[in-house]
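K.L.:
As input, take work09.cif (mmCIF, C-alpha atoms):
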data_structure
#
loop_
_atom_site.group_PDB
_atom_site.id
_atom_site.type_symbol
_atom_site.label_atom_id
_atom_site.label_comp_id
_atom_site.auth_asym_id
_atom_site.auth_seq_id
_atom_site.Cartn_x
_atom_site.Cartn_y
_atom_site.Cartn_z
ATOM 1 C CA MET A 27 58.721 -208.667 35.893
ATOM 2 C CA ILE A 28 58.999 -209.247 39.636
ATOM 3 C CA ASN A 29 57.575 -212.577 40.725
ATOM 4 C CA ASN A 30 56.982 -211.699 44.390
ATOM 5 C CA ILE A 31 54.262 -209.038 44.512
ATOM 6 C CA ALA A 32 54.726 -206.445 47.209
ATOM 7 C CA ARG A 33 51.886 -205.910 49.632
ATOM 8 C CA SER A 34 51.994 -202.160 50.270
ATOM 9 C CA ILE A 35 51.794 -198.997 48.136
ATOM 10 C CA LEU A 36 53.989 -196.225 49.388
ATOM 11 C CA VAL A 37 54.330 -193.086 47.384
ATOM 12 C CA THR A 38 56.310 -189.986 48.069
ATOM 13 C CA ALA A 39 54.595 -186.993 46.532
ATOM 14 C CA ILE A 40 57.062 -184.957 44.583
ATOM 15 C CA THR A 41 56.157 -181.477 43.541
ATOM 16 C CA ALA A 42 57.401 -180.219 40.211
ATOM 17 C CA PRO A 43 59.751 -177.291 39.959
ATOM 18 C CA MET A 44 58.450 -173.957 38.779
ATOM 19 C CA LEU A 45 58.132 -174.134 35.025
ATOM 20 C CA ILE A 46 57.798 -171.231 32.635
ATOM 21 C CA ALA A 47 56.304 -171.959 29.232
ATOM 22 C CA CYS A 48 58.152 -170.953 26.107
ATOM 23 C CA GLY A 49 56.570 -169.024 23.268
ATOM 24 C CA GLY A 50 55.850 -165.552 22.057
ATOM 25 C CA GLY A 51 53.759 -162.896 23.714
ATOM 26 C CA SER A 52 53.394 -161.344 27.124
ATOM 27 C CA SER A 53 52.834 -163.321 30.309
ATOM 28 C CA SER A 54 50.279 -160.853 31.573
ATOM 29 C CA GLY A 55 46.566 -161.485 31.205
ATOM 30 C CA GLY A 56 44.588 -158.363 30.321
ATOM 31 C CA GLY A 57 41.960 -160.381 28.474
ATOM 32 C CA ALA A 58 44.561 -162.119 26.299
ATOM 33 C CA THR A 59 44.523 -165.865 25.825
ATOM 34 C CA GLY A 60 46.941 -168.678 25.050
ATOM 35 C CA THR A 61 46.608 -172.399 24.417
ATOM 36 C CA LEU A 62 47.646 -175.357 26.578
ATOM 37 C CA ASN A 63 48.559 -178.864 25.493
ATOM 38 C CA LEU A 64 48.813 -181.359 28.348
ATOM 39 C CA GLN A 65 50.022 -184.932 27.937
ATOM 40 C CA LEU A 66 50.552 -187.852 30.269
ATOM 41 C CA SER A 67 53.495 -190.243 30.373
ATOM 42 C CA ASP A 68 54.799 -192.886 32.763
ATOM 43 C CA ALA A 69 57.866 -194.653 34.073
ATOM 44 C CA PRO A 70 57.429 -198.429 34.499
ATOM 45 C CA VAL A 71 56.723 -200.502 37.594
ATOM 46 C CA ASP A 72 58.159 -204.018 37.638
ATOM 47 C CA ASN A 73 55.464 -206.049 39.398
ATOM 48 C CA LEU A 74 52.445 -204.952 37.356
ATOM 49 C CA THR A 75 51.425 -205.261 33.710
ATOM 50 C CA SER A 76 48.633 -202.644 33.716
ATOM 51 C CA VAL A 77 47.598 -199.692 35.872
ATOM 52 C CA PHE A 78 44.242 -198.275 34.780
ATOM 53 C CA ILE A 79 43.184 -194.821 35.934
ATOM 54 C CA THR A 80 40.142 -192.936 34.651
ATOM 55 C CA PHE A 81 40.387 -189.157 34.434
ATOM 56 C CA SER A 82 37.194 -187.105 34.454
ATOM 57 C CA GLY A 83 38.739 -183.665 33.926
ATOM 58 C CA VAL A 84 41.451 -181.143 34.715
ATOM 59 C CA ALA A 85 41.382 -178.107 37.012
ATOM 60 C CA LEU A 86 43.803 -175.169 36.732
ATOM 61 C CA HIS A 87 44.060 -172.521 39.429
ATOM 62 C CA THR A 88 44.978 -168.848 39.087
ATOM 63 C CA ALA A 89 44.880 -165.979 41.554
ATOM 64 C CA GLY A 90 41.458 -165.160 40.116
ATOM 65 C CA GLY A 91 39.930 -168.594 40.685
ATOM 66 C CA THR A 92 39.883 -172.165 39.398
ATOM 67 C CA ARG A 93 39.126 -173.163 35.812
ATOM 68 C CA GLU A 94 37.367 -176.540 35.745
ATOM 69 C CA ILE A 95 37.581 -178.522 32.499
ATOM 70 C CA VAL A 96 35.290 -181.572 32.483
ATOM 71 C CA PHE A 97 35.855 -184.153 29.750
ATOM 72 C CA ASP A 98 32.861 -185.012 27.567
ATOM 73 C CA GLN A 99 33.810 -188.648 28.109
ATOM 74 C CA PRO A 100 36.108 -189.825 30.931
ATOM 75 C CA LYS A 101 39.556 -190.896 29.719
ATOM 76 C CA LYS A 102 40.448 -194.390 30.905
ATOM 77 C CA LEU A 103 44.181 -194.929 30.448
ATOM 78 C CA ASP A 104 46.562 -197.779 31.097
ATOM 79 C CA LEU A 105 49.512 -195.824 32.451
ATOM 80 C CA LEU A 106 51.900 -198.707 31.807
ATOM 81 C CA ALA A 107 51.210 -198.345 28.071
ATOM 82 C CA LEU A 108 52.726 -194.851 28.304
ATOM 83 C CA GLN A 109 56.417 -195.719 28.518
ATOM 84 C CA SER A 110 59.533 -195.002 26.450
ATOM 85 C CA GLY A 111 58.267 -191.609 25.322
ATOM 86 C CA ARG A 112 54.707 -192.710 24.548
ATOM 87 C CA THR A 113 52.048 -190.292 25.794
ATOM 88 C CA ALA A 114 48.293 -189.807 26.039
ATOM 89 C CA THR A 115 46.634 -186.431 25.515
ATOM 90 C CA LEU A 116 44.624 -184.893 28.336
ATOM 91 C CA LEU A 117 44.199 -181.399 26.852
ATOM 92 C CA GLU A 118 44.785 -180.345 23.253
ATOM 93 C CA ASP A 119 44.784 -176.710 22.126
ATOM 94 C CA GLN A 120 42.828 -175.752 25.227
ATOM 95 C CA VAL A 121 42.218 -171.986 25.180
ATOM 96 C CA LEU A 122 42.954 -170.368 28.550
ATOM 97 C CA ALA A 123 43.353 -166.899 29.949
ATOM 98 C CA ALA A 124 46.995 -165.869 29.683
ATOM 99 C CA GLY A 125 48.844 -165.489 32.979
ATOM 100 C CA ASN A 126 50.255 -167.376 35.927
ATOM 101 C CA TYR A 127 48.701 -170.617 37.179
ATOM 102 C CA GLN A 128 49.454 -171.893 40.673
ATOM 103 C CA TRP A 129 48.557 -175.555 40.308
ATOM 104 C CA ILE A 130 47.067 -178.305 38.126
ATOM 105 C CA ARG A 131 44.713 -180.982 39.438
ATOM 106 C CA LEU A 132 43.826 -184.174 37.593
ATOM 107 C CA ASP A 133 40.257 -185.135 38.534
ATOM 108 C CA LEU A 134 39.539 -188.839 38.859
ATOM 109 C CA SER A 135 36.528 -191.060 38.384
ATOM 110 C CA GLU A 136 36.125 -193.637 41.122
ATOM 111 C CA GLU A 137 33.198 -195.512 39.637
ATOM 112 C CA ALA A 138 33.433 -199.294 39.865
ATOM 113 C CA GLY A 139 35.925 -200.593 37.326
ATOM 114 C CA ASP A 140 37.546 -197.214 36.663
ATOM 115 C CA LEU A 141 40.623 -197.723 38.858
ATOM 116 C CA TYR A 142 42.470 -201.057 39.015
ATOM 117 C CA VAL A 143 45.766 -202.838 38.414
ATOM 118 C CA ILE A 144 46.713 -206.157 36.825
ATOM 119 C CA ASP A 145 49.746 -208.008 38.139
ATOM 120 C CA SER A 146 52.230 -210.219 36.283
ATOM 121 C CA ALA A 147 50.128 -213.316 37.038
ATOM 122 C CA GLY A 148 47.037 -211.766 35.418
ATOM 123 C CA ASN A 149 45.246 -211.035 38.692
ATOM 124 C CA GLN A 150 43.169 -207.842 38.902
ATOM 125 C CA TYR A 151 43.039 -205.732 42.065
ATOM 126 C CA PRO A 152 41.176 -202.519 42.885
ATOM 127 C CA LEU A 153 43.237 -199.340 42.997
ATOM 128 C CA THR A 154 42.323 -196.688 45.525
ATOM 129 C CA VAL A 155 43.537 -193.098 45.697
ATOM 130 C CA PRO A 156 43.241 -191.592 49.203
ATOM 131 C CA SER A 157 40.742 -188.709 48.906
ATOM 132 C CA GLY A 158 41.073 -189.049 45.145
ATOM 133 C CA ALA A 159 37.459 -188.212 44.355
ATOM 134 C CA GLN A 160 37.674 -185.062 46.471
ATOM 135 C CA THR A 161 41.190 -183.770 45.781
ATOM 136 C CA GLY A 162 42.294 -185.539 42.609
ATOM 137 C CA LEU A 163 45.993 -185.679 41.804
ATOM 138 C CA LYS A 164 47.489 -182.230 42.293
ATOM 139 C CA LEU A 165 50.736 -180.695 41.109
ATOM 140 C CA VAL A 166 51.095 -177.768 43.432
ATOM 141 C CA ARG A 167 53.686 -175.621 41.660
ATOM 142 C CA GLY A 168 52.944 -173.164 38.900
ATOM 143 C CA PHE A 169 53.459 -172.362 35.260
ATOM 144 C CA THR A 170 52.661 -169.543 32.871
ATOM 145 C CA VAL A 171 50.385 -169.454 29.832
ATOM 146 C CA LEU A 172 51.770 -166.752 27.558
ATOM 147 C CA ALA A 173 49.472 -164.471 25.599
ATOM 148 C CA ASN A 174 49.116 -165.612 21.977
ATOM 149 C CA GLY A 175 51.482 -168.506 22.696
ATOM 150 C CA THR A 176 51.254 -172.273 22.998
ATOM 151 C CA THR A 177 52.253 -174.033 26.200
ATOM 152 C CA ASP A 178 53.206 -177.732 25.984
ATOM 153 C CA PHE A 179 53.588 -179.765 29.170
ATOM 154 C CA THR A 180 53.804 -183.439 30.012
ATOM 155 C CA ILE A 181 52.827 -184.849 33.397
ATOM 156 C CA ASP A 182 55.155 -187.744 34.130
ATOM 157 C CA PHE A 183 53.917 -190.430 36.522
ATOM 158 C CA ASP A 184 56.648 -192.471 38.164
ATOM 159 C CA LEU A 185 54.709 -195.584 39.085
ATOM 160 C CA ARG A 186 57.910 -197.421 39.907
ATOM 161 C CA LYS A 187 58.266 -195.166 42.938
ATOM 162 C CA SER A 188 54.530 -195.054 43.560
ATOM 163 C CA VAL A 189 53.088 -198.546 43.537
ATOM 164 C CA LYS A 190 53.413 -201.381 46.034
ATOM 165 C CA LEU A 191 50.799 -203.823 47.239
ATOM 166 C CA PRO A 192 49.693 -203.457 50.890
ATOM 167 C CA THR A 193 49.345 -206.459 53.155
ATOM 168 C CA GLY A 194 45.723 -207.559 53.331
ATOM 169 C CA GLY A 195 44.328 -204.646 51.328
ATOM 170 C CA ASP A 196 43.883 -203.023 47.961
ATOM 171 C CA TYR A 197 46.484 -201.139 46.001
ATOM 172 C CA LYS A 198 46.723 -197.483 46.947
ATOM 173 C CA LEU A 199 48.112 -194.676 44.818
ATOM 174 C CA ARG A 200 49.803 -191.528 46.075
ATOM 175 C CA PRO A 201 51.676 -190.793 42.874
ATOM 176 C CA THR A 202 55.049 -189.284 42.297
ATOM 177 C CA LEU A 203 54.460 -186.678 39.581
ATOM 178 C CA LYS A 204 56.644 -184.318 37.597
ATOM 179 C CA LEU A 205 55.398 -181.418 35.482
ATOM 180 C CA ILE A 206 57.652 -181.154 32.445
ATOM 181 C CA ASP A 207 58.023 -178.292 29.984
ATOM 182 C CA ASN A 208 58.378 -180.056 26.626
ATOM 183 C CA ALA A 209 60.486 -177.178 25.272
ATOM 184 C CA GLU A 210 63.183 -177.853 27.866
ATOM 185 C CA VAL A 211 63.649 -181.629 27.651
ATOM 186 C CA GLY A 212 65.321 -184.182 25.420
ATOM 187 C CA ALA A 213 65.811 -187.953 25.391
ATOM 188 C CA ILE A 214 68.378 -190.748 25.416
ATOM 189 C CA ALA A 215 67.771 -193.767 23.176
ATOM 190 C CA GLY A 216 69.682 -196.708 21.790
ATOM 191 C CA THR A 217 69.950 -200.441 21.265
ATOM 192 C CA VAL A 218 70.994 -203.361 23.471
ATOM 193 C CA ASP A 219 72.531 -206.264 21.576
ATOM 194 C CA ALA A 220 71.932 -209.939 22.270
ATOM 195 C CA THR A 221 75.347 -210.579 23.835
ATOM 196 C CA THR A 222 74.676 -207.904 26.422
ATOM 197 C CA ARG A 223 71.105 -209.066 27.110
ATOM 198 C CA LEU A 224 71.745 -212.793 27.398
ATOM 199 C CA GLN A 225 74.425 -212.792 30.061
ATOM 200 C CA VAL A 226 75.108 -215.945 32.046
ATOM 201 C CA ASP A 227 74.297 -214.284 35.385
ATOM 202 C CA CYS A 228 70.764 -213.367 34.291
ATOM 203 C CA ALA A 229 68.405 -216.209 35.116
ATOM 204 C CA ASP A 230 65.453 -214.403 33.525
ATOM 205 C CA SER A 231 67.326 -213.121 30.475
ATOM 206 C CA GLN A 232 65.292 -215.180 27.982
ATOM 207 C CA ALA A 233 61.990 -213.751 29.235
ATOM 208 C CA TYR A 234 63.123 -210.364 30.547
ATOM 209 C CA ALA A 235 64.968 -207.991 28.224
ATOM 210 C CA GLY A 236 66.292 -205.869 31.087
ATOM 211 C CA ALA A 237 66.279 -202.139 31.695
ATOM 212 C CA VAL A 238 68.416 -199.051 31.287
ATOM 213 C CA PHE A 239 69.031 -196.991 34.430
ATOM 214 C CA VAL A 240 69.510 -193.236 34.009
ATOM 215 C CA PHE A 241 71.275 -191.236 36.751
ATOM 216 C CA GLU A 242 71.677 -187.480 37.000
ATOM 217 C CA GLY A 243 75.168 -186.085 36.408
ATOM 218 C CA ALA A 244 78.331 -187.419 34.810
ATOM 219 C CA ASP A 245 80.139 -190.393 36.410
ATOM 220 C CA ALA A 246 77.265 -190.928 38.847
ATOM 221 C CA VAL A 247 77.210 -193.897 41.208
ATOM 222 C CA VAL A 248 75.308 -196.676 39.429
ATOM 223 C CA ASN A 249 72.985 -198.618 41.713
ATOM 224 C CA ASP A 250 69.487 -200.085 41.874
ATOM 225 C CA ALA A 251 66.284 -198.221 42.677
ATOM 226 C CA ASP A 252 66.210 -198.988 46.401
ATOM 227 C CA ALA A 253 69.763 -197.757 47.037
ATOM 228 C CA THR A 254 70.781 -194.397 48.451
ATOM 229 C CA THR A 255 71.639 -193.125 44.979
ATOM 230 C CA SER A 256 68.468 -193.848 43.026
ATOM 231 C CA PRO A 257 68.137 -193.506 39.253
ATOM 232 C CA TYR A 258 66.335 -190.490 37.847
ATOM 233 C CA VAL A 259 64.349 -192.934 35.719
ATOM 234 C CA THR A 260 64.483 -196.599 34.717
ATOM 235 C CA VAL A 261 63.202 -197.583 31.277
ATOM 236 C CA PRO A 262 62.454 -201.027 29.813
ATOM 237 C CA VAL A 263 64.341 -202.593 26.936
ATOM 238 C CA GLU A 264 61.835 -203.803 24.332
ATOM 239 C CA ASP A 265 61.600 -205.458 20.938
ATOM 240 C CA LEU A 266 58.809 -203.189 19.751
ATOM 241 C CA ASP A 267 58.681 -204.445 16.151
ATOM 242 C CA ASN A 268 59.329 -208.127 16.928
ATOM 243 C CA ASP A 269 62.326 -207.975 14.587
ATOM 244 C CA GLY A 270 64.953 -209.070 17.096
ATOM 245 C CA VAL A 271 66.239 -205.525 17.630
ATOM 246 C CA PHE A 272 65.937 -204.485 21.287
ATOM 247 C CA THR A 273 65.747 -200.771 21.995
ATOM 248 C CA TYR A 274 65.028 -198.332 24.821
ATOM 249 C CA LYS A 275 64.132 -194.670 25.125
ATOM 250 C CA ALA A 276 64.390 -192.472 28.207
ATOM 251 C CA ALA A 277 62.245 -189.455 27.344
ATOM 252 C CA PHE A 278 61.402 -186.130 29.024
ATOM 253 C CA LEU A 279 64.875 -185.619 30.493
ATOM 254 C CA PRO A 280 65.827 -182.044 31.436
ATOM 255 C CA ALA A 281 68.838 -180.805 29.468
ATOM 256 C CA GLY A 282 72.072 -181.787 31.185
ATOM 257 C CA THR A 283 74.524 -184.651 31.659
ATOM 258 C CA TYR A 284 73.509 -188.163 32.693
ATOM 259 C CA THR A 285 75.084 -191.524 33.473
ATOM 260 C CA VAL A 286 73.407 -194.557 31.884
ATOM 261 C CA ALA A 287 73.933 -198.273 32.487
ATOM 262 C CA TYR A 288 72.115 -201.472 31.542
ATOM 263 C CA SER A 289 71.185 -204.473 33.675
ATOM 264 C CA CYS A 290 69.574 -207.691 32.512
ATOM 265 C CA GLN A 291 68.564 -208.559 36.085
ATOM 266 C CA VAL A 292 65.141 -207.982 37.599
ATOM 267 C CA ASP A 293 65.256 -205.199 40.184
ATOM 268 C CA ASP A 294 63.121 -206.586 43.010
ATOM 269 C CA LEU A 295 62.355 -203.554 45.176
ATOM 270 C CA GLU A 296 61.433 -205.808 48.120
ATOM 271 C CA THR A 297 64.885 -207.368 48.477
ATOM 272 C CA ASP A 298 68.383 -206.044 49.026
ATOM 273 C CA GLU A 299 69.934 -207.716 46.002
ATOM 274 C CA THR A 300 72.774 -206.005 44.169
ATOM 275 C CA LEU A 301 72.353 -205.737 40.419
ATOM 276 C CA THR A 302 75.099 -206.289 37.882
ATOM 277 C CA PHE A 303 75.450 -203.429 35.391
ATOM 278 C CA THR A 304 77.278 -202.910 32.137
ATOM 279 C CA PRO A 305 80.034 -200.281 32.174
ATOM 280 C CA ALA A 306 78.384 -196.888 32.557
ATOM 281 C CA GLN A 307 78.308 -194.221 29.854
ATOM 282 C CA ASN A 308 78.073 -190.453 30.193
ATOM 283 C CA VAL A 309 75.509 -188.833 27.904
ATOM 284 C CA THR A 310 74.701 -185.172 27.348
ATOM 285 C CA VAL A 311 71.050 -184.320 26.698
ATOM 286 C CA THR A 312 70.005 -181.182 24.864
ATOM 287 C CA ALA A 313 66.491 -179.801 24.617
ATOM 288 C CA LYS A 314 64.306 -181.106 21.780
ATOM 289 C CA ALA A 315 66.917 -183.679 20.712
ATOM 290 C CA THR A 316 67.609 -187.389 21.242
ATOM 291 C CA SER A 317 71.106 -188.478 22.253
ATOM 292 C CA ALA A 318 72.343 -191.995 21.448
ATOM 293 C CA ALA A 319 73.799 -194.531 23.877
ATOM 294 C CA ASN A 320 74.083 -198.142 22.710
ATOM 295 C CA PHE A 321 75.021 -201.197 24.804
ATOM 296 C CA GLN A 322 77.100 -203.769 22.912
#
Using the file provided, produce a representation of the structure as structure tokens.
P.N.:
Amino acid sequence: MINNIARSILVTAITAPMLIACGGGSSSGGGATGTLNLQLSDAPVDNLTSVFITFSGVALHTAGGTREIVFDQPKKLDLLALQSGRTATLLEDQVLAAGNYQWIRLDLSEEAGDLYVIDSAGNQYPLTVPSGAQTGLKLVRGFTVLANGTTDFTIDFDLRKSVKLPTGGDYKLRPTLKLIDNAEVGAIAGTVDATTRLQVDCADSQAYAGAVFVFEGADAVVNDADATTSPYVTVPVEDLDNDGVFTYKAAFLPAGTYTVAYSCQVDDLETDETLTFTPAQNVTVTAKATSAANFQ
């Protein structure tokens, strides 16, 4: 974890590419229906231990109007618990009119105690979302619900690119979001052995297990998150079962080729430090499969 907490939250809103759901049936409406499953996942942020956001519903917009889905009970989620392929369900088997949808909006609750963060020292701070109560968190590109088919998407928050602490104010959130078609993505997973983790140049190596950096393309330039060539995603290395075996999983990766490397150093986004990486590996990801890359 980063010891020096940043004092500003800057987020670049990223719109998702146009995604077409897979499944049988026609994409035209005509009174036909399909079902939508919508999950939420997250990439980590180094200077916080929890980011709590409460969702009150989901809105989906078509040319014919907006479908508002209000949850019976608001869903309060710690986004930092949704790493390494872990997800939370927002919609499950939701029946919708078949056809094209232009955007998805995640509606937020801004009641007291519904939005806040906890830093690495255990301090709690309010989290504000500019115009969040009015506009929610919107993904402004479309997708298709196919008639008599099932559409499975994951909304991926990238809090590492979204969260910094402003000087003299509360945390603010303008999230970086990706809308991911689960039928088109795979994962990279593996182990990191003790010799690799406990390197002499890693002052925090006993307390910090490090992270795996994933870059798009083969033989990509390996660098830290604040460099010109930024990783597609950075995932923590964890001993999930407390058995001494440290693993990682980079999930929801579009099919293609990636470069992966491990660093046991803390990537402080507020400084210009240069991280030391293991030799990089090229990994090919295929849809609905997990490719292995171990660091020994």
K.L.:
Evaluate the PyMOL selection byres ((chain A and resi 264) around 8) against this structure - the residues, as a list in words, please.
P.N.:
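So the PyMOL selection byres ((chain A and resi 264) around 8), applied here, picks out Ala235, Pro262, Val263, Asp265, Leu266, Phe272, Thr273 and Tyr274 of chain A.
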K.L.:
Find the residues near Phe183 in chain A: any atom within 10 Å, counting all atoms listed in the file, skip ones fewer than 4 places away on the same chain, and give them as a list in words.
P.N.:
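Using all atoms listed in the file, the neighbours found are Leu66, Ser67, Asp68, Ala69, Pro70, Leu105, Leu106, Leu108, Gln109, Lys187, Ser188, Pro201, Thr202, Leu203, Lys204 and Leu205 of chain A.
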K.L.:
Keeping C-alpha atoms, export the residues of the selection given above as a JSON list (two decimals), in the coordinates of the input.
P.N.:
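Everything below was put into out-v6.json:
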[["chain", "number", "residue", "atom", "x", "y", "z"],
["A", 66, "LEU", "CA", 50.55, -187.85, 30.27],
["A", 67, "SER", "CA", 53.50, -190.24, 30.37],
["A", 68, "ASP", "CA", 54.80, -192.89, 32.76],
["A", 69, "ALA", "CA", 57.87, -194.65, 34.07],
["A", 70, "PRO", "CA", 57.43, -198.43, 34.50],
["A", 105, "LEU", "CA", 49.51, -195.82, 32.45],
["A", 106, "LEU", "CA", 51.90, -198.71, 31.81],
["A", 108, "LEU", "CA", 52.73, -194.85, 28.30],
["A", 109, "GLN", "CA", 56.42, -195.72, 28.52],
["A", 187, "LYS", "CA", 58.27, -195.17, 42.94],
["A", 188, "SER", "CA", 54.53, -195.05, 43.56],
["A", 201, "PRO", "CA", 51.68, -190.79, 42.87],
["A", 202, "THR", "CA", 55.05, -189.28, 42.30],
["A", 203, "LEU", "CA", 54.46, -186.68, 39.58],
["A", 204, "LYS", "CA", 56.64, -184.32, 37.60],
["A", 205, "LEU", "CA", 55.40, -181.42, 35.48]]
K.L.:
Which of these, A:Arg200, A:Arg167, A:His87, A:Lys275, has the shortest distance to Leu153 in chain A once you count only C-alpha atoms?
P.N.:
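Of the candidates, the smallest distance to Leu153 in chain A is held by A:Arg200.
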K.L.:
Select, from A:Ile130, A:Ala147, A:Ile181, A:Leu165, the residue with the minimum atom-to-atom distance to Gln65 in chain A, counting only C-alpha atoms.
P.N.:
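Between A:Ile130, A:Ala147, A:Ile181, A:Leu165, the residue approaching Gln65 in chain A most closely is A:Ile181.
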K.L.:
Could you tell me how far CA of Gly111 in chain A lies from CA of Val259 in chain A, in Å and to one decimal?
P.N.:
12.1 Å
K.L.:
Record the distance separating CA of Gln307 in chain A and CA of Pro280 in chain A, expressed in Å with one decimal.
P.N.:
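Computing it gives 17.5 Å between the two atoms.
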K.L.:
Taking only C-alpha atoms into account, name the residue in A:Ala209, A:Leu301, A:Leu279, A:Ala173 that is nearest to Val248 in chain A.
P.N.:
A:Leu301
K.L.:
Using only C-alpha atoms, can you tell me which of A:Cys290, A:Ala58, A:Ala276, A:Val247 comes closest to Leu122 in chain A?
P.N.:
A:Ala58
K.L.:
Could you list, as number ranges by chain, every residue within 12 Å of Leu117 in chain A, counting only C-alpha atoms and ignoring same-chain residues fewer than 2 positions away?
P.N.:
A: 61-66, 81-86, 95-98, 101, 113-115, 119-122, 132, 177-181
K.L.:
Contacts of Val309 in chain A at 8 Å or less, counting only C-alpha atoms, minus same-chain residues fewer than 4 places along, as a PyMOL selection string?
P.N.:
chain A and resi 214+244+283-286+317-319
K.L.:
Given the file shown, determine the residues that the PyMOL selection byres ((chain A and resi 76) around 9) selects; report them as an NGL selection string.
P.N.:
:A and (74-75 or 77-78 or 104-107 or 142-146)
K.L.:
Could you list, as a list in words, every residue matched by the PyMOL selection byres ((chain A and resi 220) around 9) in this structure?
P.N.:
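In the shown coordinates, the PyMOL selection byres ((chain A and resi 220) around 9) covers Val218, Asp219, Thr221, Thr222, Arg223, Leu224, Gln225, Gly270, Val271, Phe272 and Gln322 of chain A.
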